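Asker: Provided below: work_33.txt, containing compact mmCIF, C-alpha atoms.
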```txt
# COMPACT_ATOMS: atom_id res chain seq x y z
CA MET E 1 38.62 -47.27 13.22
CA ARG E 2 34.93 -48.20 12.91
CA ALA E 3 34.01 -44.65 13.98
CA LEU E 4 36.24 -43.21 11.27
CA VAL E 5 34.62 -45.39 8.63
CA ALA E 6 31.14 -44.34 9.81
CA ALA E 7 32.13 -40.66 9.69
CA ALA E 8 33.60 -41.11 6.20
CA ILE E 9 30.38 -42.76 4.98
CA GLY E 10 28.32 -39.85 6.36
CA LEU E 11 30.59 -37.27 4.74
CA ALA E 12 30.65 -39.09 1.40
CA ALA E 13 26.86 -39.36 1.37
CA ALA E 14 26.49 -35.62 2.05
CA LEU E 15 28.96 -34.71 -0.71
CA ALA E 16 27.35 -37.10 -3.18
CA LEU E 17 23.86 -35.76 -2.49
CA VAL E 18 24.82 -32.08 -2.78
CA PHE E 19 26.92 -32.60 -5.92
CA THR E 20 24.10 -34.58 -7.55
CA ILE E 21 21.45 -31.97 -6.75
CA THR E 22 23.57 -29.07 -7.98
CA THR E 23 24.63 -30.93 -11.12
CA ILE E 24 21.07 -31.83 -12.09
CA GLY E 25 19.74 -28.32 -11.33
CA ALA E 26 16.36 -27.14 -12.55
CA PRO E 27 15.14 -27.63 -16.13
CA PRO E 28 15.26 -24.38 -18.18
CA GLY E 29 11.65 -24.59 -19.29
CA GLU E 30 10.33 -23.06 -22.50
CA THR E 31 9.85 -19.53 -23.71
CA SER E 32 6.37 -18.44 -22.77
CA PRO E 33 3.95 -18.25 -25.71
CA LYS E 34 2.36 -15.18 -24.12
CA PRO E 35 3.08 -11.90 -25.96
CA LEU E 36 4.70 -8.71 -24.73
CA LEU E 37 1.61 -6.76 -23.76
CA THR E 38 0.42 -3.77 -25.79
CA THR E 39 -2.92 -3.45 -24.04
CA VAL E 40 -3.79 -2.73 -20.45
CA PRO E 41 -4.68 -6.00 -18.72
CA GLY E 42 -7.75 -6.31 -16.52
CA PRO E 43 -7.65 -6.98 -12.80
CA LYS E 44 -5.08 -9.55 -11.84
CA ASN E 45 -6.49 -12.91 -10.72
CA GLN E 46 -5.16 -13.91 -7.34
CA MET B 47 24.03 -53.88 19.21
CA ARG B 48 24.43 -50.52 20.95
CA ARG B 49 27.82 -50.04 19.37
CA ARG B 50 26.40 -50.66 15.88
CA ALA B 51 23.59 -48.18 16.54
CA SER B 52 26.05 -45.58 17.76
CA LEU B 53 28.10 -45.98 14.57
CA VAL B 54 25.01 -45.51 12.42
CA LEU B 55 24.08 -42.43 14.42
CA LEU B 56 27.62 -41.11 14.04
CA ALA B 57 27.39 -41.51 10.25
CA PHE B 58 24.11 -39.56 10.22
CA ALA B 59 25.56 -36.91 12.54
CA VAL B 60 28.48 -36.35 10.15
CA PHE B 61 26.08 -36.39 7.18
CA PHE B 62 23.94 -33.58 8.62
CA ALA B 63 26.90 -31.63 9.97
CA ALA B 64 28.45 -31.70 6.49
CA MET B 65 25.17 -30.87 4.76
CA SER B 66 24.83 -27.60 6.66
CA PRO B 67 27.79 -25.67 5.18
CA LEU B 68 27.50 -27.52 1.86
CA LEU B 69 23.91 -26.31 1.42
CA ARG B 70 24.64 -22.74 2.41
CA TRP B 71 27.93 -22.12 0.61
CA TYR B 72 28.02 -24.72 -2.18
CA ALA B 73 24.46 -25.59 -3.17
CA PHE B 74 22.75 -22.23 -2.61
CA PRO B 75 24.97 -20.15 -4.94
CA ARG B 76 24.46 -22.78 -7.65
CA LEU B 77 20.76 -23.48 -7.14
CA ALA B 78 19.46 -19.94 -6.54
CA LYS B 79 18.90 -18.49 -9.97
CA ILE B 80 16.34 -16.72 -12.08
CA PRO B 81 14.61 -19.28 -14.32
CA PRO B 82 15.30 -18.46 -17.99
CA SER B 83 11.65 -19.00 -18.92
CA GLN B 84 10.16 -16.46 -16.52
CA TYR B 85 7.25 -14.36 -17.78
CA GLN B 86 6.05 -11.45 -15.72
CA GLU B 87 3.80 -8.49 -16.32
CA THR B 88 3.47 -5.42 -14.12
CA VAL B 89 0.99 -2.59 -14.44
CA LEU B 90 1.76 0.87 -13.13
CA GLU B 91 -0.46 3.92 -13.15
CA ALA B 92 -0.10 7.68 -12.82
CA LYS B 93 -3.34 9.18 -11.46
CA PRO B 94 -3.72 11.93 -12.57
CA ALA B 95 -1.03 12.75 -15.11
CA THR B 96 0.00 15.54 -17.45
CA LEU B 97 0.16 14.36 -21.04
CA LEU B 98 0.87 15.94 -24.39
CA ASP B 99 -1.96 15.15 -26.77
CA TYR B 100 -0.31 14.78 -30.19
CA ASN B 101 -3.67 14.35 -31.87
CA ASP B 102 -5.35 17.47 -30.49
CA ASN B 103 -3.16 20.35 -31.71
CA MET B 104 -0.30 19.41 -29.38
CA LYS B 105 -2.18 20.48 -26.26
CA VAL B 106 -0.79 19.65 -22.83
CA LYS B 107 -3.65 18.17 -20.81
CA THR B 108 -4.29 16.82 -17.36
CA VAL B 109 -5.71 13.35 -17.82
CA PRO B 110 -7.21 11.05 -15.17
CA LYS B 111 -4.80 8.19 -15.81
CA VAL B 112 -1.75 7.07 -17.75
CA THR B 113 -0.90 3.37 -17.58
CA ILE B 114 2.49 1.73 -18.05
CA VAL B 115 2.39 -1.99 -18.82
CA GLN B 116 5.78 -3.60 -18.34
CA THR B 117 6.28 -7.16 -19.58
CA LEU B 118 9.38 -9.28 -18.99
CA LYS B 119 9.64 -12.44 -21.04
CA GLY B 120 12.49 -14.91 -20.68
CA ASN B 121 13.86 -15.99 -24.05
CA VAL B 122 15.08 -19.55 -23.41
CA GLU B 123 16.54 -20.18 -26.89
CA GLU B 124 18.64 -16.98 -26.78
CA SER B 125 19.81 -17.68 -23.23
CA GLU B 126 20.98 -21.17 -24.23
CA LYS B 127 22.90 -19.73 -27.20
CA ILE B 128 24.65 -17.16 -25.01
CA GLU B 129 25.31 -19.73 -22.25
CA ARG B 130 27.31 -21.85 -24.69
CA SER B 131 29.79 -19.02 -25.31
CA ALA B 132 29.63 -17.38 -21.87
CA GLY B 133 30.06 -20.68 -19.99
CA ARG B 134 27.60 -19.71 -17.25
CA ASP B 135 23.86 -19.59 -16.58
CA VAL B 136 22.42 -16.64 -18.45
CA VAL B 137 18.94 -15.14 -18.59
CA VAL B 138 17.71 -13.13 -21.57
CA TRP B 139 14.73 -10.94 -20.87
CA ASP B 140 12.85 -9.37 -23.75
CA ALA B 141 11.05 -6.50 -22.10
CA LEU B 142 8.48 -3.98 -23.28
CA SER B 143 7.36 -0.83 -21.51
CA PHE B 144 4.08 0.11 -23.15
CA VAL B 145 2.62 3.47 -22.14
CA ALA B 146 -1.10 3.91 -22.70
CA GLY B 147 -3.14 7.12 -22.44
CA PRO B 148 -6.50 7.34 -20.69
CA ASP B 149 -8.20 5.92 -23.79
CA GLY B 150 -5.86 2.90 -23.78
CA LYS B 151 -4.11 4.03 -26.97
CA MET B 152 -0.33 3.89 -27.22
CA VAL B 153 1.59 6.96 -26.04
CA SER B 154 5.01 5.35 -26.42
CA GLN B 155 6.60 1.94 -26.19
CA ILE B 156 10.19 0.98 -25.54
CA PRO B 157 11.42 -2.58 -26.11
CA GLU B 158 14.57 -3.80 -24.38
CA ARG B 159 16.75 -6.86 -24.35
CA TYR B 160 18.41 -7.39 -20.97
CA ILE B 161 21.01 -10.15 -20.63
CA PHE B 162 22.31 -11.06 -17.20
CA ASP B 163 23.87 -13.75 -15.03
CA ALA B 164 21.11 -15.96 -13.63
CA HIS B 165 22.77 -16.21 -10.21
CA SER B 166 24.31 -12.79 -9.54
CA GLN B 167 22.16 -10.61 -11.84
CA ALA B 168 25.38 -9.04 -13.14
CA PRO B 169 24.96 -7.92 -16.76
CA VAL B 170 26.31 -10.19 -19.48
CA HIS B 171 27.41 -8.39 -22.63
CA ALA B 172 26.34 -10.13 -25.79
CA THR B 173 24.98 -9.23 -29.19
CA GLY B 174 21.38 -8.19 -28.93
CA GLU B 175 21.66 -6.26 -25.66
CA SER B 176 19.60 -3.19 -26.52
CA VAL B 177 17.11 -0.48 -25.61
CA ASP B 178 14.57 0.60 -28.24
CA GLY B 179 16.68 -1.00 -30.95
CA ASP B 180 19.90 0.82 -29.94
CA PRO B 181 22.79 -1.39 -28.80
CA VAL B 182 23.73 -0.66 -25.18
CA ARG B 183 26.27 -1.94 -22.70
CA ARG B 184 24.67 -2.12 -19.28
CA GLU B 185 26.57 -1.77 -16.04
CA GLY B 186 24.90 -2.68 -12.78
CA ILE B 187 21.45 -4.12 -12.29
CA GLU B 188 18.02 -3.51 -13.80
CA PHE B 189 14.55 -4.68 -12.70
CA LYS B 190 15.86 -7.04 -9.98
CA TRP B 191 18.44 -6.96 -7.19
CA PRO B 192 20.75 -9.91 -6.41
CA PHE B 193 19.69 -12.65 -4.01
CA LEU B 194 20.57 -11.69 -0.41
CA THR B 195 20.57 -7.98 -1.21
CA GLU B 196 22.98 -5.93 0.87
CA LYS B 197 22.37 -2.64 2.65
CA ARG B 198 24.42 -0.60 0.18
CA ASP B 199 24.13 1.42 -3.00
CA TYR B 200 23.97 -0.45 -6.31
CA GLU B 201 24.59 0.69 -9.88
CA TYR B 202 21.22 0.76 -11.63
CA PHE B 203 20.70 1.01 -15.37
CA ASP B 204 18.33 3.68 -16.63
CA ALA B 205 16.78 2.68 -19.94
CA GLN B 206 15.83 6.22 -20.97
CA THR B 207 19.32 7.70 -20.64
CA ARG B 208 21.03 4.36 -21.45
CA THR B 209 23.42 4.99 -18.55
CA SER B 210 23.98 3.53 -15.09
CA SER B 211 24.19 5.49 -11.86
CA PRO B 212 23.94 4.64 -8.16
CA ILE B 213 20.63 3.73 -6.62
CA HIS B 214 20.94 4.54 -2.94
CA TYR B 215 19.96 2.33 -0.02
CA LYS B 216 17.81 4.57 2.20
CA GLY B 217 16.92 2.23 5.05
CA ASN B 218 14.53 -0.53 6.02
CA ARG B 219 10.77 -0.31 5.59
CA THR B 220 7.83 -2.58 6.35
CA PHE B 221 5.68 -3.30 3.32
CA HIS B 222 2.66 -5.63 3.47
CA GLY B 223 4.11 -7.25 6.58
CA MET B 224 7.52 -7.82 4.99
CA ASP B 225 10.81 -6.27 6.09
CA VAL B 226 12.18 -4.71 2.93
CA TYR B 227 15.03 -2.43 1.85
CA TYR B 228 14.11 0.93 0.33
CA PHE B 229 16.22 2.28 -2.56
CA GLU B 230 16.06 5.61 -4.34
CA GLN B 231 17.65 6.99 -7.50
CA THR B 232 17.27 10.44 -8.99
CA ILE B 233 18.07 11.02 -12.64
CA PRO B 234 18.59 14.77 -13.19
CA TRP B 235 17.25 16.44 -16.33
CA THR B 236 18.99 14.62 -19.16
CA LYS B 237 18.62 14.76 -22.93
CA VAL B 238 17.33 11.38 -24.09
CA PRO B 239 16.58 9.86 -27.50
CA MET B 240 13.11 10.07 -28.99
CA PRO B 241 11.24 6.76 -28.78
CA LYS B 242 11.26 4.93 -32.12
CA LYS B 243 7.48 4.50 -31.93
CA MET B 244 5.57 7.73 -31.60
CA PRO B 245 1.82 8.25 -31.43
CA ILE B 246 1.93 10.60 -34.46
CA GLN B 247 1.22 9.07 -37.84
CA GLY B 248 3.84 9.66 -40.53
CA VAL B 249 6.46 11.34 -38.32
CA THR B 250 9.74 9.54 -37.76
CA THR B 251 12.42 10.02 -35.13
CA GLU B 252 14.85 11.14 -37.84
CA GLN B 253 12.47 13.85 -39.04
CA ILE B 254 12.08 15.16 -35.51
CA ALA B 255 15.83 15.10 -34.91
CA LYS B 256 16.38 17.24 -38.03
CA THR B 257 14.19 20.03 -36.65
CA GLY B 258 16.43 20.42 -33.61
CA MET B 259 13.67 19.55 -31.14
CA THR B 260 14.98 17.48 -28.24
CA ARG B 261 13.47 15.28 -25.54
CA TRP B 262 14.50 15.67 -21.89
CA TYR B 263 13.69 13.55 -18.91
CA THR B 264 14.06 13.45 -15.15
CA THR B 265 12.84 10.91 -12.65
CA LYS B 266 12.96 9.94 -9.02
CA ARG B 267 12.86 6.15 -8.90
CA MET B 268 11.88 4.27 -5.73
CA PHE B 269 12.03 0.55 -5.06
CA TRP B 270 11.04 -1.59 -2.09
CA ILE B 271 13.18 -4.73 -2.28
CA ASP B 272 12.79 -8.03 -0.47
CA PRO B 273 16.40 -8.57 0.67
CA VAL B 274 16.14 -12.38 0.61
CA THR B 275 15.11 -12.81 -3.04
CA GLY B 276 16.21 -9.38 -4.29
CA ALA B 277 12.81 -8.96 -5.92
CA PRO B 278 11.04 -5.60 -5.96
CA VAL B 279 7.71 -5.82 -4.12
CA ASN B 280 6.82 -2.25 -4.99
CA GLY B 281 8.07 0.46 -7.32
CA GLU B 282 7.23 4.11 -7.88
CA GLU B 283 8.54 6.88 -10.10
CA ILE B 284 8.03 10.62 -10.09
CA HIS B 285 8.59 11.04 -13.79
CA LYS B 286 8.75 14.12 -16.04
CA GLU B 287 9.46 14.38 -19.76
CA GLU B 288 9.72 17.53 -21.86
CA LEU B 289 10.23 18.50 -25.46
CA ARG B 290 12.61 21.44 -25.82
CA ASN B 291 13.13 23.67 -28.88
CA ALA B 292 9.58 22.60 -29.64
CA LYS B 293 8.71 25.76 -31.62
CA LYS B 294 10.94 24.39 -34.36
CA MET B 295 8.34 21.64 -34.76
CA GLY B 296 5.56 24.20 -34.91
CA MET B 297 4.49 23.77 -31.32
CA PRO B 298 2.96 26.69 -29.40
CA GLN B 299 5.67 26.79 -26.71
CA ASP B 300 9.37 26.14 -26.80
CA THR B 301 9.23 23.76 -23.81
CA MET B 302 6.34 21.32 -23.77
CA THR B 303 5.59 18.74 -21.10
CA VAL B 304 5.17 15.35 -22.76
CA PHE B 305 4.38 13.44 -19.59
CA ALA B 306 4.46 14.17 -15.89
CA GLY B 307 3.08 12.05 -13.11
CA HIS B 308 3.66 9.98 -10.02
CA VAL B 309 3.68 6.41 -11.29
CA LYS B 310 2.69 3.69 -8.82
CA MET B 311 2.11 -0.05 -9.13
CA ARG B 312 -1.54 -1.00 -9.49
CA PRO B 313 -2.76 -2.50 -6.18
CA ASP B 314 -3.77 -5.87 -7.70
CA TYR B 315 -0.23 -6.28 -9.07
CA VAL B 316 1.28 -5.32 -5.72
CA GLU B 317 -0.76 -8.09 -4.07
CA SER B 318 0.21 -10.61 -6.73
CA ILE B 319 3.93 -9.77 -6.57
CA VAL B 320 3.98 -9.82 -2.77
CA ASP B 321 2.42 -13.32 -2.83
CA LEU B 322 4.95 -14.52 -5.43
CA VAL B 323 7.90 -13.06 -3.53
CA LYS B 324 6.74 -14.57 -0.23
CA SER B 325 6.66 -18.07 -1.77
CA GLN B 326 10.10 -17.65 -3.38
CA ARG B 327 11.48 -16.14 -0.19
CA LEU B 328 10.64 -19.34 1.70
CA LEU B 329 12.67 -21.43 -0.78
CA VAL B 330 15.70 -19.15 -0.44
CA LEU B 331 15.42 -19.11 3.36
CA LEU B 332 15.27 -22.92 3.38
CA LEU B 333 18.64 -23.09 1.62
CA THR B 334 20.31 -20.21 3.45
CA SER B 335 18.94 -20.48 6.96
CA TYR B 336 16.30 -23.01 7.97
CA LEU B 337 17.95 -26.19 6.61
CA PRO B 338 21.59 -25.29 7.44
CA TRP B 339 20.74 -24.38 11.04
CA GLY B 340 18.34 -27.32 11.36
CA PHE B 341 21.06 -29.67 10.14
CA VAL B 342 23.58 -28.27 12.64
CA VAL B 343 21.18 -28.91 15.51
CA LEU B 344 20.25 -32.35 14.17
CA GLY B 345 23.91 -33.28 13.63
CA ALA B 346 24.83 -32.19 17.17
CA GLY B 347 21.88 -34.12 18.61
CA LEU B 348 22.75 -37.28 16.72
CA LEU B 349 26.40 -36.99 17.72
CA ALA B 350 25.43 -36.63 21.39
CA LEU B 351 23.15 -39.67 21.11
CA ALA B 352 25.90 -41.70 19.39
CA LEU B 353 28.41 -40.80 22.13
CA TRP B 354 25.90 -41.64 24.85
CA LEU B 355 25.17 -45.06 23.32
CA GLU B 356 28.88 -45.71 22.90
CA ALA B 357 29.56 -44.76 26.51
CA ARG B 358 26.75 -47.03 27.74
CA SER B 359 28.06 -49.94 25.71
CA ARG B 360 31.43 -49.62 27.42
CA ARG B 361 30.09 -49.61 31.02
CA PRO B 362 31.08 -52.78 32.96
CA ASP B 363 27.46 -53.36 34.06
CA GLY B 364 26.10 -52.59 30.66
CA GLU B 365 25.33 -54.86 27.81
CA LEU B 366 28.40 -56.38 26.22
CA PRO B 367 29.52 -54.97 22.91
CA ASP B 368 28.72 -57.07 19.86
CA GLY B 369 31.24 -59.88 19.33
CA ALA B 370 32.94 -59.44 22.73
CA PRO B 371 33.90 -62.81 24.25
CA ALA B 372 32.02 -63.72 27.42
CA THR B 373 34.35 -63.98 30.43
CA ALA B 374 33.82 -66.21 33.45
CA PRO B 375 33.05 -64.47 36.79
CA ASP B 376 35.94 -64.16 39.25
CA PRO B 377 36.15 -67.22 41.56
CA GLU B 378 35.09 -66.81 45.18
CA PRO B 379 38.10 -66.30 47.48
CA THR B 380 38.96 -69.39 49.45
CA PRO B 381 40.29 -69.23 53.02
CA ALA B 382 43.97 -70.04 53.40
```
Give the structure from the file, written as structure tokens.
Answerer:
Amino acid sequence: MRALVAAAIGLAAALALVFTITTIGAPPGETSPKPLLTTVPGPKNQ
Amino acid sequence: MRRRASLVLLAFAVFFAAMSPLLRWYAFPRLAKIPPSQYQETVLEAKPATLLDYNDNMKVKTVPKVTIVQTLKGNVEESEKIERSAGRDVVVWDALSFVAGPDGKMVSQIPERYIFDAHSQAPVHATGESVDGDPVRREGIEFKWPFLTEKRDYEYFDAQTRTSSPIHYKGNRTFHGMDVYYFEQTIPWTKVPMPKKMPIQGVTTEQIAKTGMTRWYTTKRMFWIDPVTGAPVNGEEIHKEELRNAKKMGMPQDTMTVFAGHVKMRPDYVESIVDLVKSQRLLVLLLTSYLPWGFVVLGAGLLALALWLEARSRRPDGELPDGAPATAPDPEPTPA
């Protein structure tokens, strides 16, 4: 019985963590203020 | 004490064993997505190229270089609007392909709005989906392949013809130390619309259309795709454009080459994109492979440890389990 309770706690913790992470997700951010380019850019900085 | 420890270990073992499939098949499809605010520029060059010089008596010239600057800009406000009606994560890319001659001046430019599912990269049809101001309805992919790209043909949208056709998987290649999938698509000679912005002052697309002159195009498109992220790490095109019935516009020949060249990504952009893809690839692999397999091994290890502790706690010569009543030793036998 104790083993079953321990297993249930482990499973519930895993479900709670994954559901929380996927629900929060990543913030969408903002549209970049940079323009669509109409000139040829110089060498790309690494 | 040992029994309590084994129960805690059992809880952790179940936690990690459950995390493994949950990460791979529940979290990954929901977490892996293109951010709606992405901004990316790519520079491609054709060296040398054949180019029609509109400003020098319509002469077809061989020039040292033609540059194509392609910008993709995520429009967050538009994606949020479309998400509300579509009920899923959507990305709206406002794109511009700006073609510059050897002097850096505009040869043509084609704006696009590409709307797609942030997770699967499947096109989403909404108002505003367009190429050069013309409404289109895309089928298949454009610019990027889905996460965990498969070894198969995909439908790929061609912005010039405004149609989709298969892009064929042609095998694996090694590119900058990465194992990538190579895809190829050939668009046969096809009549395509004139770009809305031309390098000739005072001439509109409508005026050209009235003369009966037409624009034709063919290309062989090649992509090297990182199969984990679905991102192109290299792209090339063998591209040809012609004007036909050109004498009707007063040109010296009836068929005039507008542009011909082998377009390749500029090396500094290849380096930059490879670096970006390698960092993103690690994140995807963490969710699809490293963490799930690591958790399986960890879960199995913890379970084994829990069972071992439990078994030890039950041995007669071992420590007594917590809360077990102490029993008196058996009395010595007495002679009858």
Asker: Mind listing as a count of residues only which residues of chain B are within 9 Å of chain E, counting only C-alpha atoms?
Answerer: 56
Asker: Write out as a list in words the residues lying within 8 Å of stretch 297-305 of chain B, counting all atoms listed in the file and excluding same-chain residues fewer than 3 positions away.
Answerer: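 The residues that qualify are Ala95, Thr96, Leu97, Leu98, Met104, Val106, His285, Lys286, Glu287, Glu288, Leu289, Arg290, Asn291, Ala292, Lys293 and Lys294 of chain B.
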Asker: Please compute the atom CA of B:Lys93-atom CA of B:Val112 distance, one decimal, in Å.
Answerer: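 Separation between atom CA of B:Lys93 and atom CA of B:Val112: 6.8 Å.
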Asker: What does the distance from atom CA of B:Asp204 to atom CA of B:Glu188 come to in Å, to one decimal?
Answerer: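 Computing the Euclidean distance for atom CA of B:Asp204 and atom CA of B:Glu188 yields 7.7 Å.
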Asker: So the first atom is atom CA of B:Asn280 and the second is atom CA of B:Tyr228; what is the distance between them in Å, to one decimal place?
Answerer: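 Separation of atom CA of B:Asn280 and atom CA of B:Tyr228: 9.6 Å.
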Asker: What's around B:Glu282 at 7 Å? Count all atoms listed in the file, leave out sequence neighbours fewer than 3 positions away in its own chain, and write the answer as a PDB file with C-alpha atoms, in the coordinates of the input.
Answerer:
```pdb
ATOM      1  CA  ARG B 267      12.860   6.150  -8.900  1.00  0.00           C
ATOM      2  CA  MET B 268      11.880   4.270  -5.730  1.00  0.00           C
ATOM      3  CA  PHE B 269      12.030   0.550  -5.060  1.00  0.00           C
ATOM      4  CA  VAL B 309       3.680   6.410 -11.290  1.00  0.00           C
ATOM      5  CA  LYS B 310       2.690   3.690  -8.820  1.00  0.00           C
ATOM      6  CA  MET B 311       2.110  -0.050  -9.130  1.00  0.00           C
TER       7      MET B 311
END
```
Asker: Which residue, B:Lys79, B:Arg312, B:Arg70, B:Lys111, has the smallest gap to B:Gly147 when you use only C-alpha atoms?
Answerer: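 Comparing B:Lys79, B:Arg312, B:Arg70, B:Lys111 against B:Gly147, the winner is B:Lys111.
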Asker: Between B:Pro75, B:Ile254, B:Gly223, B:Val249, which one has atoms that come closest to B:Val279, using all atoms listed in the file?
Answerer: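 Checking each of B:Pro75, B:Ile254, B:Gly223, B:Val249 against B:Val279, counting all atoms listed in the file, the winner is B:Gly223.
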Asker: Place a sphere of radius 10 Å on (18.1, 7.7, -12.4) in the file coordinates and name every protein, DNA or RNA residue with an atom inside or on its surface, counting only C-alpha atoms; give the answer as a PDB file with C-alpha atoms, in the frame of the given file.
Answerer:
```pdb
ATOM      1  CA  GLU B 201      24.590   0.690  -9.880  1.00  0.00           C
ATOM      2  CA  TYR B 202      21.220   0.760 -11.630  1.00  0.00           C
ATOM      3  CA  PHE B 203      20.700   1.010 -15.370  1.00  0.00           C
ATOM      4  CA  ASP B 204      18.330   3.680 -16.630  1.00  0.00           C
ATOM      5  CA  ALA B 205      16.780   2.680 -19.940  1.00  0.00           C
ATOM      6  CA  GLN B 206      15.830   6.220 -20.970  1.00  0.00           C
ATOM      7  CA  THR B 207      19.320   7.700 -20.640  1.00  0.00           C
ATOM      8  CA  THR B 209      23.420   4.990 -18.550  1.00  0.00           C
ATOM      9  CA  SER B 210      23.980   3.530 -15.090  1.00  0.00           C
ATOM     10  CA  SER B 211      24.190   5.490 -11.860  1.00  0.00           C
ATOM     11  CA  PRO B 212      23.940   4.640  -8.160  1.00  0.00           C
ATOM     12  CA  ILE B 213      20.630   3.730  -6.620  1.00  0.00           C
ATOM     13  CA  GLU B 230      16.060   5.610  -4.340  1.00  0.00           C
ATOM     14  CA  GLN B 231      17.650   6.990  -7.500  1.00  0.00           C
ATOM     15  CA  THR B 232      17.270  10.440  -8.990  1.00  0.00           C
ATOM     16  CA  ILE B 233      18.070  11.020 -12.640  1.00  0.00           C
ATOM     17  CA  PRO B 234      18.590  14.770 -13.190  1.00  0.00           C
ATOM     18  CA  TRP B 235      17.250  16.440 -16.330  1.00  0.00           C
ATOM     19  CA  THR B 236      18.990  14.620 -19.160  1.00  0.00           C
ATOM     20  CA  TYR B 263      13.690  13.550 -18.910  1.00  0.00           C
ATOM     21  CA  THR B 264      14.060  13.450 -15.150  1.00  0.00           C
ATOM     22  CA  THR B 265      12.840  10.910 -12.650  1.00  0.00           C
ATOM     23  CA  LYS B 266      12.960   9.940  -9.020  1.00  0.00           C
ATOM     24  CA  ARG B 267      12.860   6.150  -8.900  1.00  0.00           C
ATOM     25  CA  MET B 268      11.880   4.270  -5.730  1.00  0.00           C
ATOM     26  CA  GLU B 283       8.540   6.880 -10.100  1.00  0.00           C
TER      27      GLU B 283
END
```
Asker: What are the centre and edge lengths in Å, to one decimal, of the axis-aligned box around all listed atoms of stretch 230-243 of chain B with 4 Å added on each side, as lines of an AutoDock Vina configuration file?
Answerer:
```
center_x = 13.2
center_y = 10.5
center_z = -18.2
size_x = 19.5
size_y = 19.9
size_z = 35.8
```
Asker: Can you tell me which residues surround B:Arg327 at a distance of at most 9 Å, considering all atoms listed in the file, apart from same-chain residues fewer than 5 positions away, and format the answer as a short mmCIF file (atom, residue, chain, number, x, y, z; two decimals) with C-alpha atoms, in the coordinates of the input?
Answerer:
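result20.cif, written as the output of this step:
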```cif
data_model
loop_
_atom_site.label_atom_id
_atom_site.label_comp_id
_atom_site.auth_asym_id
_atom_site.auth_seq_id
_atom_site.Cartn_x
_atom_site.Cartn_y
_atom_site.Cartn_z
CA ASP B 272 12.79 -8.03 -0.47
CA VAL B 274 16.14 -12.38 0.61
CA THR B 275 15.11 -12.81 -3.04
CA LEU B 322 4.95 -14.52 -5.43
CA LEU B 332 15.27 -22.92 3.38
#
```
Asker: Rebuild stretch 24-37 of chain E so that it carries N, CA and C atoms, then output the result as an mmCIF file, in the coordinates of the input.
Answerer:
```
data_model
loop_
_atom_site.group_PDB
_atom_site.id
_atom_site.type_symbol
_atom_site.label_atom_id
_atom_site.label_comp_id
_atom_site.auth_asym_id
_atom_site.auth_seq_id
_atom_site.Cartn_x
_atom_site.Cartn_y
_atom_site.Cartn_z
ATOM 1 N N ILE E 24 22.342 -31.680 -11.349
ATOM 2 C CA ILE E 24 21.070 -31.830 -12.090
ATOM 3 C C ILE E 24 20.434 -30.461 -12.301
ATOM 4 N N GLY E 25 20.335 -29.656 -11.239
ATOM 5 C CA GLY E 25 19.740 -28.320 -11.330
ATOM 6 C C GLY E 25 18.278 -28.376 -11.738
ATOM 7 N N ALA E 26 17.769 -27.225 -12.129
ATOM 8 C CA ALA E 26 16.360 -27.140 -12.550
ATOM 9 C C ALA E 26 16.299 -27.095 -14.067
ATOM 10 N N PRO E 27 15.259 -27.692 -14.667
ATOM 11 C CA PRO E 27 15.140 -27.630 -16.130
ATOM 12 C C PRO E 27 14.888 -26.178 -16.578
ATOM 13 N N PRO E 28 15.389 -25.787 -17.772
ATOM 14 C CA PRO E 28 15.260 -24.380 -18.180
ATOM 15 C C PRO E 28 13.842 -23.970 -18.540
ATOM 16 N N GLY E 29 13.011 -24.934 -18.875
ATOM 17 C CA GLY E 29 11.650 -24.590 -19.290
ATOM 18 C C GLY E 29 11.624 -24.087 -20.727
ATOM 19 N N GLU E 30 10.481 -23.548 -21.125
ATOM 20 C CA GLU E 30 10.330 -23.060 -22.500
ATOM 21 C C GLU E 30 9.927 -21.599 -22.487
ATOM 22 N N THR E 31 10.265 -20.930 -23.576
ATOM 23 C CA THR E 31 9.850 -19.530 -23.710
ATOM 24 C C THR E 31 8.327 -19.462 -23.689
ATOM 25 N N SER E 32 7.820 -18.548 -22.900
ATOM 26 C CA SER E 32 6.370 -18.440 -22.770
ATOM 27 C C SER E 32 5.740 -18.037 -24.124
ATOM 28 N N PRO E 33 4.622 -18.653 -24.454
ATOM 29 C CA PRO E 33 3.950 -18.250 -25.710
ATOM 30 C C PRO E 33 3.200 -16.924 -25.556
ATOM 31 N N LYS E 34 3.112 -16.424 -24.332
ATOM 32 C CA LYS E 34 2.360 -15.180 -24.120
ATOM 33 C C LYS E 34 3.113 -13.997 -24.735
ATOM 34 N N PRO E 35 2.398 -13.019 -25.290
ATOM 35 C CA PRO E 35 3.080 -11.900 -25.960
ATOM 36 C C PRO E 35 3.525 -10.819 -24.981
ATOM 37 N N LEU E 36 4.389 -9.935 -25.479
ATOM 38 C CA LEU E 36 4.700 -8.710 -24.730
ATOM 39 C C LEU E 36 3.462 -7.821 -24.857
ATOM 40 N N LEU E 37 2.943 -7.374 -23.749
ATOM 41 C CA LEU E 37 1.610 -6.760 -23.760
ATOM 42 C C LEU E 37 1.603 -5.346 -24.362
#
```
